[in-house]
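Trainee: The structure's right below; bear with me while I get my questions together.
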Amino acid sequence: MATDAHDVSSEESEEHIHDVYTLANIITVLRLILVPIFLAVLLSDRSDVLAFGLFALAASTDWLDGQIARRTGTVTELGKAIDPLVDRLLIAAGVLGLFLIGRIPLWLPALLVARDTYLLGGAAVLVRRKARRPPVTFIGKATTMLLLLGFAGLILNWPQVPGIGLVTTFELPGFGSEPVALWMWFVYAGVVTSLMTAVIYTKQARRSLAAVGS
């Protein structure tokens, strides 16, 4: 009986893998729509609270669409492709918006863009050579969580904590004497783990290429 149930579950998953109109996918698309709305509100300087609410809603529902897809057996190819893309766009919108309103220095978005460009280029090489793509790692998920939390807090810009007084430059908010939103330290942690993720993915990609004789 357990085997029959497993077979039915597998059949249902196969039936849904190429579907488009699933609840999980609809939530993912709504998250995508929220990205430009959030950025417009943030740049309009009308309300940090509203911008924070939109960003937090788009970020928090990332967990929701994944849970719905897995629990209802409606994991689809479209969902697996779009969901991480929405996360990347949301992070990009957050870092770009925060830079444009003067809350983070230029090196931070430049570093994250360079890192993502590097990873996308590596993924393209693996696809072209038909090598296995590295699985999503815990540290990769932790990076996304840290950056989303950090950017959301910087959008709200509260609570403010004293700087640690090591340097006197805006290029390292929080390291000077000026107060900074507590969440800036989450962003710094996310930057560190993002670089660690790039190193881990590089090693895994090299093993995948070696396995196909490259």
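Identifiers in this document derive from the order of the structure tokens: chains are assigned A, B, ..., residues are numbered from 1 separately in each chain, and ligands are numbered from 1 in order of occurrence.
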Val187 of chain A: which residues within 9 Å, counting only C-alpha atoms, same-chain residues fewer than 2 positions away excluded, as a list in words?
Mentor: Leu146, Leu147, Leu148, Leu149, Gly150, Phe151, Trp183, Met184, Trp185, Ala189, Gly190, Val191 and Val192 of chain A
Trainee: Any chance you can output those residues with N, CA, C and O atoms as a tab-separated table (two decimals), in the first residue's frame?
Mentor:
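out_5.tsv, written as the output of this step:
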chain	number	residue	atom	x	y	z
A	146	LEU	N	20.25	36.35	4.72
A	146	LEU	CA	20.96	37.45	5.37
A	146	LEU	C	20.81	38.75	4.57
A	146	LEU	O	20.57	39.82	5.15
A	147	LEU	N	20.94	38.66	3.25
A	147	LEU	CA	20.84	39.86	2.42
A	147	LEU	C	19.42	40.42	2.41
A	147	LEU	O	19.22	41.64	2.50
A	148	LEU	N	18.43	39.53	2.32
A	148	LEU	CA	17.04	40.00	2.32
A	148	LEU	C	16.69	40.65	3.66
A	148	LEU	O	16.05	41.71	3.70
A	149	LEU	N	17.11	40.03	4.76
A	149	LEU	CA	16.88	40.62	6.08
A	149	LEU	C	17.60	41.96	6.22
A	149	LEU	O	17.04	42.94	6.71
A	150	GLY	N	18.85	41.97	5.79
A	150	GLY	CA	19.65	43.19	5.90
A	150	GLY	C	19.08	44.34	5.09
A	150	GLY	O	18.95	45.47	5.59
A	151	PHE	N	18.72	44.07	3.84
A	151	PHE	CA	18.18	45.14	2.99
A	151	PHE	C	16.83	45.62	3.50
A	151	PHE	O	16.53	46.81	3.46
A	183	TRP	N	20.82	46.51	10.84
A	183	TRP	CA	20.76	45.51	9.77
A	183	TRP	C	21.93	45.59	8.80
A	183	TRP	O	22.13	44.69	7.99
A	184	MET	N	22.70	46.68	8.88
A	184	MET	CA	23.89	46.78	8.03
A	184	MET	C	24.83	45.62	8.31
A	184	MET	O	25.52	45.12	7.41
A	185	TRP	N	24.86	45.16	9.56
A	185	TRP	CA	25.75	44.05	9.91
A	185	TRP	C	25.27	42.73	9.32
A	185	TRP	O	26.07	41.82	9.05
A	189	ALA	N	27.46	40.34	6.80
A	189	ALA	CA	27.51	38.88	6.94
A	189	ALA	C	27.11	38.20	5.64
A	189	ALA	O	27.71	37.20	5.22
A	190	GLY	N	26.08	38.75	4.96
A	190	GLY	CA	25.64	38.20	3.68
A	190	GLY	C	26.69	38.33	2.60
A	190	GLY	O	26.84	37.46	1.74
A	191	VAL	N	27.45	39.43	2.63
A	191	VAL	CA	28.54	39.61	1.66
A	191	VAL	C	29.61	38.54	1.87
A	191	VAL	O	30.11	37.93	0.91
A	192	VAL	N	29.96	38.29	3.12
A	192	VAL	CA	30.97	37.28	3.42
A	192	VAL	C	30.50	35.89	2.96
A	192	VAL	O	31.24	35.16	2.29
Trainee: Please build the interface table for segment 39-158 of chain A against segment 168-177 of chain A with a cut-off of 12 Å, listing for each qualifying residue the nearest atom pair and the distance in Å to one decimal; count only C-alpha atoms, order rows by chain and increasing number, and write it as a Markdown table.
Mentor:
| residue | atom | partner | partner_atom | distance |
| --- | --- | --- | --- | --- |
| A:Phe99 | CA | A:Glu171 | CA | 11.4 |
| A:Gly102 | CA | A:Phe170 | CA | 9.9 |
| A:Arg103 | CA | A:Pro173 | CA | 8.4 |
| A:Ile104 | CA | A:Pro173 | CA | 7.3 |
| A:Pro105 | CA | A:Glu171 | CA | 5.3 |
| A:Leu106 | CA | A:Glu171 | CA | 7.8 |
| A:Trp107 | CA | A:Glu171 | CA | 7.7 |
| A:Leu108 | CA | A:Glu171 | CA | 9.0 |
| A:Leu154 | CA | A:Pro173 | CA | 11.4 |
Trainee: Identify, on the basis of only C-alpha atoms, every residue whose closest approach to segment 196-204 of chain A does not exceed 6 Å; exclude the query and any residue fewer than 3 positions from it along the same chain; express the result as a list of chain:residue names.
Mentor: A:Pro134, A:Gly140, A:Thr193, A:Arg207
Trainee: Could those selected residues go to a file with C-alpha atoms, as a short mmCIF file (atom, residue, chain, number, x, y, z; two decimals), in the first residue's frame?
Mentor:
data_model
loop_
_atom_site.label_atom_id
_atom_site.label_comp_id
_atom_site.auth_asym_id
_atom_site.auth_seq_id
_atom_site.Cartn_x
_atom_site.Cartn_y
_atom_site.Cartn_z
CA PRO A 134 25.94 22.16 -8.36
CA GLY A 140 23.74 29.79 -0.43
CA THR A 193 28.76 34.21 2.91
CA ARG A 207 34.33 18.62 -10.28
#
Trainee: Which is closest to Pro109 of chain A among A:Leu43, A:Ala211, A:Thr22, A:Val95, if we use only C-alpha atoms?
Mentor: A:Val95
Trainee: So which bits of segment 79-188 of chain A end up alpha helix (DSSP H) when you DSSP the backbone, as number ranges by chain?
Mentor: A: 79-100, 107-128, 138-156, 184-188
Trainee: Of the candidates A:Leu120, A:Val127, A:Ala110, A:Val20, which shows the shortest atom-to-atom distance to Thr74 of chain A, using only C-alpha atoms?
Mentor: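 When distances to Thr74 of chain A are compared using only C-alpha atoms, the smallest one comes from A:Val20.
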Trainee: What does the structure give for the distance between atom CA of Ile33 of chain A and atom CA of Val49 of chain A, in Å to one decimal?
Mentor: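 So the two atoms, atom CA of Ile33 of chain A and atom CA of Val49 of chain A, lie 18.8 Å apart.
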Trainee: I'd like the interatomic distance between atom CA of Leu96 of chain A and atom CA of Val136 of chain A, to a tenth of an Å.
Mentor: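 Separating atom CA of Leu96 of chain A from atom CA of Val136 of chain A is a distance of 25.0 Å.
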Trainee: In segment 108-200 of chain A, what's strand (DSSP E or B) per DSSP? Answer as a list in words?
Mentor: Gln160, Val161, Val180 and Ala181 of chain A
Trainee: Go ahead and write the residues just picked, C-alpha atoms, as an mmCIF file, in the first residue's frame.
Mentor:
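Written out: out39.cif:
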data_model
loop_
_atom_site.group_PDB
_atom_site.id
_atom_site.type_symbol
_atom_site.label_atom_id
_atom_site.label_comp_id
_atom_site.auth_asym_id
_atom_site.auth_seq_id
_atom_site.Cartn_x
_atom_site.Cartn_y
_atom_site.Cartn_z
ATOM 1 C CA GLN A 160 19.991 52.746 14.738
ATOM 2 C CA VAL A 161 23.062 51.559 16.640
ATOM 3 C CA VAL A 180 23.932 52.963 11.399
ATOM 4 C CA ALA A 181 20.907 50.705 11.121
#
Trainee: Work out how far apart atom CA of Gly153 of chain A and atom CA of Val86 of chain A are and give it in Å to one decimal.
Mentor: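 So the two atoms, atom CA of Gly153 of chain A and atom CA of Val86 of chain A, lie 19.2 Å apart.
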Trainee: Show me, as a list in words, the residues that have an atom within 8 Å of segment 52-68 of chain A when counting only C-alpha atoms, minus same-chain residues fewer than 2 positions from it.
Mentor: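 Selected residues are Leu23, Ala24, Asn25, Ile27, Thr28, Arg31, Leu32, Leu34, Val35, Ile37, Phe38, Asp48, Val49, Leu50, Arg70, Arg71, Thr72, Thr74, Asp83, Asp87, Leu90, Gly94, Leu148, Ala152, Gly153, Ile155 and Leu156 of chain A.
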Trainee: Using only C-alpha atoms, find the one residue out of A:Leu182, A:Leu195, A:Ile164, A:Val41 that sits nearest to Ile101 of chain A.
Mentor: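 Going through A:Leu182, A:Leu195, A:Ile164, A:Val41 one by one, the smallest distance to Ile101 of chain A is for A:Val41.
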Trainee: Counting only C-alpha atoms, figure out which residue out of A:Leu100, A:Leu126, A:Leu89, A:Leu112 gets nearest to Arg206 of chain A.
Mentor: A:Leu126
